[in-house]
file run.tsv (TSV, C-alpha atoms)
chain	number	residue	atom	x	y	z
M	1312	ILE	CA	-18.48	-7.85	12.49
M	1313	GLN	CA	-16.95	-11.28	13.09
M	1314	SER	CA	-20.25	-12.65	14.37
M	1315	ALA	CA	-22.02	-11.55	11.17
M	1316	LEU	CA	-19.29	-13.14	9.07
M	1317	ASP	CA	-19.44	-16.41	10.98
M	1318	LYS	CA	-23.21	-16.67	10.58
M	1319	LYS	CA	-22.94	-16.42	6.79
M	1320	GLN	CA	-19.69	-18.35	6.40
M	1321	ARG	CA	-21.18	-21.10	4.23
M	1322	SER	CA	-23.46	-18.85	2.17
M	1323	SER	CA	-22.60	-18.11	-1.45
M	1324	GLU	CA	-24.67	-14.92	-1.53
M	1325	GLN	CA	-23.17	-11.46	-1.36
M	1326	LEU	CA	-22.80	-10.41	2.28
M	1327	VAL	CA	-23.08	-6.70	3.16
M	1328	ILE	CA	-22.26	-5.61	6.70
M	1329	ASN	CA	-22.98	-2.01	7.71
M	1330	VAL	CA	-21.03	-0.84	10.73
M	1331	SER	CA	-21.09	2.30	12.86
M	1332	GLY	CA	-19.24	3.32	16.00
M	1333	THR	CA	-16.20	1.51	17.38
M	1334	CYS	CA	-15.58	-2.23	17.12
M	1335	GLU	CA	-12.97	-3.72	19.47
M	1336	GLU	CA	-12.13	-6.92	17.60
M	1337	ASN	CA	-9.92	-8.64	15.08
M	1338	VAL	CA	-11.80	-9.49	11.89
M	1339	SER	CA	-11.09	-12.55	9.74
M	1340	ILE	CA	-12.68	-12.73	6.27
M	1341	THR	CA	-12.34	-16.20	4.77
M	1342	ARG	CA	-15.26	-16.31	2.30
M	1343	ASP	CA	-15.78	-14.50	-1.00
M	1344	ASP	CA	-18.17	-11.64	-1.79
M	1345	VAL	CA	-18.11	-9.56	1.39
M	1346	THR	CA	-18.66	-5.80	1.67
M	1347	ILE	CA	-18.09	-4.00	4.97
M	1348	ASN	CA	-19.37	-0.41	4.97
M	1349	GLY	CA	-18.52	2.10	7.66
M	1350	GLY	CA	-20.57	5.12	8.57
M	1351	HIS	CA	-19.71	8.72	9.39
M	1352	ILE	CA	-17.44	7.65	12.26
M	1353	THR	CA	-16.51	3.96	12.20
M	1354	THR	CA	-13.38	2.52	13.81
M	1355	ILE	CA	-12.10	-1.04	14.03
M	1356	ARG	CA	-9.59	-1.40	16.86
M	1357	GLY	CA	-7.85	-4.57	15.72
M	1358	THR	CA	-6.52	-6.23	12.59
M	1359	VAL	CA	-8.69	-6.90	9.54
M	1360	ASN	CA	-7.53	-10.10	7.78
M	1361	ALA	CA	-8.67	-11.18	4.32
M	1362	GLU	CA	-7.55	-14.78	3.98
M	1363	GLY	CA	-7.66	-16.03	0.39
M	1364	ALA	CA	-11.00	-14.34	-0.18
M	1365	ASN	CA	-12.09	-12.62	-3.40
M	1366	ARG	CA	-14.31	-9.65	-4.10
M	1367	ILE	CA	-13.82	-8.11	-0.66
M	1368	PHE	CA	-14.76	-4.43	-0.29
M	1369	ILE	CA	-13.86	-2.37	2.78
M	1370	ASN	CA	-15.30	1.15	2.74
M	1371	HIS	CA	-15.19	4.31	4.85
M	1372	MET	CA	-13.67	3.36	8.19
M	1373	THR	CA	-10.58	3.72	10.35
M	1374	ILE	CA	-8.44	0.70	11.25
M	1375	THR	CA	-6.08	1.00	14.21
M	1376	GLY	CA	-4.65	-1.34	16.82
M	1377	PRO	CA	-1.77	-3.29	18.37
M	1378	GLY	CA	-0.71	-5.26	15.26
M	1379	ASN	CA	-0.89	-4.75	11.50
M	1380	GLY	CA	-3.87	-2.79	10.25
M	1381	PHE	CA	-5.18	-4.58	7.15
M	1382	VAL	CA	-3.67	-7.91	6.08
M	1383	ALA	CA	-4.31	-9.75	2.80
M	1384	TYR	CA	-3.23	-13.39	2.42
M	1385	GLY	CA	-4.07	-14.01	-1.23
M	1386	GLY	CA	-7.34	-13.10	-2.91
M	1387	ARG	CA	-8.61	-9.73	-4.12
M	1388	THR	CA	-9.60	-6.79	-1.94
M	1389	GLU	CA	-10.64	-3.19	-2.58
M	1390	LEU	CA	-10.26	-0.50	0.09
M	1391	SER	CA	-11.99	2.84	-0.40
M	1392	GLY	CA	-12.14	5.83	1.91
M	1393	VAL	CA	-10.21	3.93	4.57
M	1394	THR	CA	-7.81	5.39	7.14
M	1395	ILE	CA	-5.20	2.95	8.45
M	1396	THR	CA	-3.41	4.72	11.24
M	1397	GLN	CA	-1.41	4.30	14.44
M	1398	ASN	CA	-1.08	0.54	14.20
M	1399	GLU	CA	1.90	-0.79	16.12
M	1400	LEU	CA	3.25	-2.72	13.10
M	1401	ASP	CA	2.62	-2.10	9.38
M	1402	GLY	CA	-0.49	-0.34	8.17
M	1403	LEU	CA	-1.18	-2.49	5.09
M	1404	TRP	CA	0.30	-5.96	4.68
M	1405	ALA	CA	-0.19	-7.95	1.45
M	1406	ILE	CA	1.48	-11.32	0.82
M	1407	GLN	CA	0.92	-14.64	-0.98
M	1408	ASN	CA	-0.16	-13.30	-4.40
M	1409	SER	CA	-2.73	-10.88	-3.09
M	1410	ILE	CA	-4.22	-8.14	-5.26
M	1411	VAL	CA	-5.19	-5.02	-3.32
M	1412	ARG	CA	-6.77	-1.91	-4.82
M	1413	MET	CA	-6.83	1.19	-2.61
M	1414	SER	CA	-8.50	4.50	-3.42
M	1415	ASN	CA	-9.08	7.78	-1.60
M	1416	SER	CA	-7.45	6.42	1.54
M	1417	THR	CA	-4.78	7.41	4.07
M	1418	VAL	CA	-2.10	5.21	5.65
M	1419	SER	CA	-0.34	7.19	8.36
M	1420	GLU	CA	1.62	7.13	11.61
M	1421	ASN	CA	2.05	3.38	11.73
M	1422	GLY	CA	4.80	1.84	13.85
M	1423	LEU	CA	6.65	0.30	10.90
M	1424	SER	CA	5.96	0.88	7.19
M	1425	GLY	CA	2.78	2.26	5.77
M	1426	ALA	CA	2.59	-0.79	3.52
M	1427	PHE	CA	4.58	-4.02	3.21
M	1428	ILE	CA	3.93	-5.81	-0.09
M	1429	GLN	CA	5.48	-9.23	-0.81
M	1430	THR	CA	4.81	-11.43	-3.87
M	1431	SER	CA	1.66	-9.37	-4.40
M	1432	LYS	CA	0.25	-6.44	-6.38
M	1433	VAL	CA	-1.20	-3.15	-5.16
M	1434	GLU	CA	-2.94	-0.44	-7.16
M	1435	LEU	CA	-3.04	2.91	-5.36
M	1436	SER	CA	-5.28	5.76	-6.45
M	1437	ASN	CA	-5.38	9.13	-4.66
M	1438	SER	CA	-4.12	7.57	-1.43
M	1439	ASP	CA	-1.59	9.02	1.00
M	1440	PHE	CA	1.23	7.16	2.78
M	1441	ILE	CA	2.42	9.76	5.25
M	1442	ASN	CA	4.35	10.06	8.51
M	1443	ASN	CA	4.97	6.35	8.99
M	1444	ASN	CA	7.85	5.27	11.23
M	1445	SER	CA	9.70	3.38	8.47
M	1446	ASP	CA	9.00	3.36	4.71
M	1447	GLY	CA	5.90	4.77	3.11
M	1448	ILE	CA	5.70	1.55	1.09
M	1449	LEU	CA	8.12	-1.40	0.93
M	1450	LEU	CA	7.95	-3.86	-1.97
M	1451	ASP	CA	9.65	-7.23	-1.51
M	1452	ILE	CA	10.23	-10.45	-3.52
M	1453	GLY	CA	8.54	-9.91	-6.86
M	1454	ALA	CA	5.96	-7.39	-5.68
M	1455	ASN	CA	4.35	-4.87	-8.01
M	1456	ALA	CA	2.81	-1.47	-7.29
M	1457	ILE	CA	1.30	1.27	-9.43
M	1458	SER	CA	0.33	4.68	-8.09
M	1459	TRP	CA	-2.00	7.27	-9.59
M	1460	GLY	CA	-2.09	10.60	-7.78
M	1461	SER	CA	-0.94	9.23	-4.42
M	1462	LYS	CA	1.47	10.81	-1.91
M	1463	PHE	CA	4.49	9.34	-0.13
M	1464	THR	CA	5.57	12.09	2.25
M	1465	GLY	CA	7.02	12.62	5.71
M	1466	ASN	CA	8.01	9.00	6.30
M	1467	LEU	CA	10.91	8.43	8.68
M	1468	ARG	CA	12.84	6.19	6.30
M	1469	ASN	CA	12.20	6.10	2.53
M	1470	GLY	CA	9.08	7.10	0.68
M	1471	ILE	CA	9.35	3.99	-1.49
M	1472	THR	CA	11.65	0.96	-1.13
M	1473	VAL	CA	11.72	-1.54	-4.02
M	1474	ARG	CA	13.77	-4.71	-3.53
M	1475	LEU	CA	14.23	-8.31	-4.63
M	1476	HIS	CA	12.86	-8.31	-8.21
M	1477	SER	CA	10.01	-5.87	-7.52
M	1478	VAL	CA	8.65	-3.06	-9.71
M	1479	THR	CA	6.92	0.22	-8.88
M	1480	GLN	CA	5.27	2.55	-11.40
M	1481	ILE	CA	4.28	6.10	-10.39
M	1482	ARG	CA	2.23	8.46	-12.54
M	1483	ASP	CA	-0.54	11.08	-12.68
M	1484	ALA	CA	0.58	13.65	-10.08
M	1485	THR	CA	1.99	11.18	-7.58
M	1486	VAL	CA	4.12	13.04	-5.00
M	1487	VAL	CA	7.28	11.70	-3.30
M	1488	SER	CA	8.61	14.41	-1.00
M	1489	GLY	CA	9.91	15.22	2.46
M	1490	ASN	CA	10.90	11.71	3.51
M	1491	SER	CA	13.68	11.58	6.10
M	1492	GLN	CA	16.22	9.38	4.27
M	1493	THR	CA	15.41	9.24	0.54
M	1494	GLY	CA	12.47	9.35	-1.78
M	1495	ALA	CA	13.19	5.90	-3.16
M	1496	VAL	CA	15.69	3.08	-2.77
M	1497	ILE	CA	15.84	0.51	-5.58
M	1498	MET	CA	17.84	-2.66	-4.96
M	1499	GLU	CA	18.39	-6.31	-5.83
M	1500	ASP	CA	17.27	-6.36	-9.47
M	1501	SER	CA	14.27	-4.07	-9.00
M	1502	ALA	CA	12.91	-1.07	-10.91
M	1503	LEU	CA	11.13	2.23	-10.41
M	1504	ARG	CA	9.31	3.79	-13.37
M	1505	ILE	CA	8.22	7.44	-13.49
M	1506	ASP	CA	5.65	7.33	-16.28
M	1507	THR	CA	4.22	10.86	-16.59
M	1508	SER	CA	5.60	14.39	-16.46
M	1509	ASP	CA	3.26	15.59	-13.69
M	1510	VAL	CA	4.91	13.41	-11.01
M	1511	ILE	CA	6.48	15.52	-8.22
M	1512	PHE	CA	9.71	13.94	-6.93
M	1513	PRO	CA	12.16	16.37	-5.27
M	1514	ASP	CA	13.56	13.65	-2.99
M	1515	GLU	CA	16.71	11.66	-3.80
M	1516	ILE	CA	16.62	8.32	-5.61
M	1517	TRP	CA	19.19	5.62	-4.88
M	1518	CYS	CA	19.94	2.57	-6.99
M	1519	ALA	CA	21.84	0.23	-4.68
M	1520	ASP	CA	23.27	-2.06	-7.39
M	1521	ASP	CA	23.85	-2.27	-11.13
M	1522	GLU	CA	20.95	-4.69	-11.62
M	1523	SER	CA	18.38	-2.14	-10.43
M	1524	SER	CA	17.06	0.67	-12.61
M	1525	LEU	CA	15.18	3.94	-12.80
M	1526	GLY	CA	13.03	4.65	-15.83
M	1527	ASN	CA	11.97	8.27	-16.26
M	1528	ASP	CA	9.75	8.42	-19.33
M	1529	GLY	CA	8.00	11.43	-17.77
M	1530	GLY	CA	11.24	13.44	-17.86
M	1531	VAL	CA	10.69	14.53	-14.26
M	1532	SER	CA	13.40	16.56	-12.53
M	1533	THR	CA	14.22	14.57	-9.41
M	1534	GLY	CA	16.52	15.04	-6.47
M	1535	TYR	CA	20.07	13.68	-6.61
M	1536	SER	CA	20.19	10.15	-8.02
M	1537	THR	CA	22.77	7.39	-8.11
M	1538	CYS	CA	20.86	5.68	-10.91
M	1539	THR	CA	22.38	5.70	-14.40
M	1540	ASP	CA	19.67	3.84	-16.27
M	1541	PHE	CA	17.77	5.10	-19.31
M	1542	ASN	CA	16.06	8.51	-19.45
M	1543	GLN	CA	17.61	9.71	-16.20
M	1544	VAL	CA	17.53	13.52	-16.07
M	1545	ALA	CA	20.20	15.68	-14.51
M	1546	PRO	CA	20.03	16.01	-10.72
M	1547	THR	CA	18.66	19.25	-9.32
M	1548	HIS	CA	21.44	19.49	-6.68

call {"tool": "encode", "arguments": {"input": "run.tsv", "output": "structure tokens"}}
result
Amino acid sequence: IQSALDKKQRSSEQLVINVSGTCEENVSITRDDVTINGGHITTIRGTVNAEGANRIFINHMTITGPGNGFVAYGGRTELSGVTITQNELDGLWAIQNSIVRMSNSTVSENGLSGAFIQTSKVELSNSDFINNNSDGILLDIGANAISWGSKFTGNLRNGITVRLHSVTQIRDATVVSGNSQTGAVIMEDSALRIDTSDVIFPDEIWCADDESSLGNDGGVSTGYSTCTDFNQVAPTH
């Protein structure tokens, strides 16, 4: 994959790379307009880095290895049908004003969090963050996430952690359940918004300070909550 990228590094044309089998390499994408398509069984054993590149599409493959799985340093990337699993560090890492859209994907069994998002935005559609060794997703320093129909389950810490002026919106049958500590922790002037009534959230929700808030426009019955912000429904236990 890296050889194909290097050969077309200076080209302005759309680059499409079709991959099958197992690739033992780290991949660095530094130019715009790249699509990498996997086949029926495609695995990258290494880290895939998108470095300030726009219109990057990663489709139908597994990413696993000794570091982070997929890393975005700025730019815009779309991941579809991707499994990011059993990486030694975080599964998905987005920093430096990245925009990452993920659909129909799974982020599981990673050594740290499923996703670490800092000063960036992620849009998650029908994607599962499950059985990671820390948080399902951790938002940090002005990060923003929105989830449609995704799952945050079975993570060894929190399903969702929102801290340092970050915001998460969950809607459209998103599920937060069965995480070992809490469903969500909101801290340091951050917010969690439950936007629709079909969200499933039996886990607890903790607001760690008075500056952080829970909005529950969906009127969802949640687990026990320390949050006292607007539209908070009565705890179920």

call {"tool": "atom_distance", "arguments": {"input": "run.tsv", "atom1": "atom CA of Ala1519 of chain M", "atom2": "atom CA of Met1498 of chain M"}}
result
4.9 Å

call {"tool": "atom_distance", "arguments": {"input": "run.tsv", "atom1": "atom CA of Ala1405 of chain M", "atom2": "atom CA of Asp1483 of chain M"}}
result
23.7 Å

call {"tool": "residues_near_point", "arguments": {"input": "run.tsv", "point": "(0.2, 11.2, 1.3)", "cutoff": "6 Å", "atoms": "all atoms listed in the file", "output": "list of chain:residue names"}}
result
M:Asp1439, M:Phe1440, M:Ile1441, M:Lys1462, M:Phe1463, M:Thr1464

call {"tool": "closest_residue", "arguments": {"input": "run.tsv", "among": "M:Leu1435, M:Arg1366, M:Arg1504, M:His1371", "to": "Asn1329 of chain M", "atoms": "all atoms listed in the file"}}
result
M:His1371

call {"tool": "atom_distance", "arguments": {"input": "run.tsv", "atom1": "atom CA of Asn1360 of chain M", "atom2": "atom CA of Val1487 of chain M"}}
result
28.6 Å

call {"tool": "residues_around", "arguments": {"input": "run.tsv", "residues": "Gln1397 of chain M", "least_positions_apart": "5", "cutoff": "7 Å", "atoms": "all atoms listed in the file", "output": "PyMOL selection string"}}
result
chain M and resi 1375-1376+1419-1422

call {"tool": "closest_residue", "arguments": {"input": "run.tsv", "among": "M:Gly1332, M:Gly1402, M:Gly1470, M:Gly1392", "to": "Ser1438 of chain M", "atoms": "all atoms listed in the file"}}
result
M:Gly1392

call {"tool": "residues_around", "arguments": {"input": "run.tsv", "residues": "Thr1354 of chain M", "least_positions_apart": "6", "cutoff": "7 Å", "atoms": "all atoms listed in the file", "output": "list in words"}}
result
Gly1332, Thr1333, Cys1334, Met1372, Thr1373 and Ile1374 of chain M

call {"tool": "closest_residue", "arguments": {"input": "run.tsv", "among": "M:Ala1454, M:Ala1502, M:Ile1347, M:Ala1495", "to": "Asp1514 of chain M", "atoms": "all atoms listed in the file"}}
result
M:Ala1495

call {"tool": "closest_residue", "arguments": {"input": "run.tsv", "among": "M:Asp1520, M:Asp1500, M:Glu1335, M:Glu1362", "to": "Arg1387 of chain M", "atoms": "all atoms listed in the file"}}
result
M:Glu1362

call {"tool": "residues_around", "arguments": {"input": "run.tsv", "residues": "Gly1363 of chain M", "least_positions_apart": "6", "cutoff": "12 Å", "atoms": "only C-alpha atoms", "output": "PyMOL selection string"}}
result
chain M and resi 1339-1344+1382-1388+1405-1411

call {"tool": "residues_near_point", "arguments": {"input": "run.tsv", "point": "(-22.7, -6.5, 1.7)", "cutoff": "6 Å", "atoms": "all atoms listed in the file", "output": "list in words"}}
result
Gln1325, Leu1326, Val1327, Ile1328, Val1345 and Thr1346 of chain M
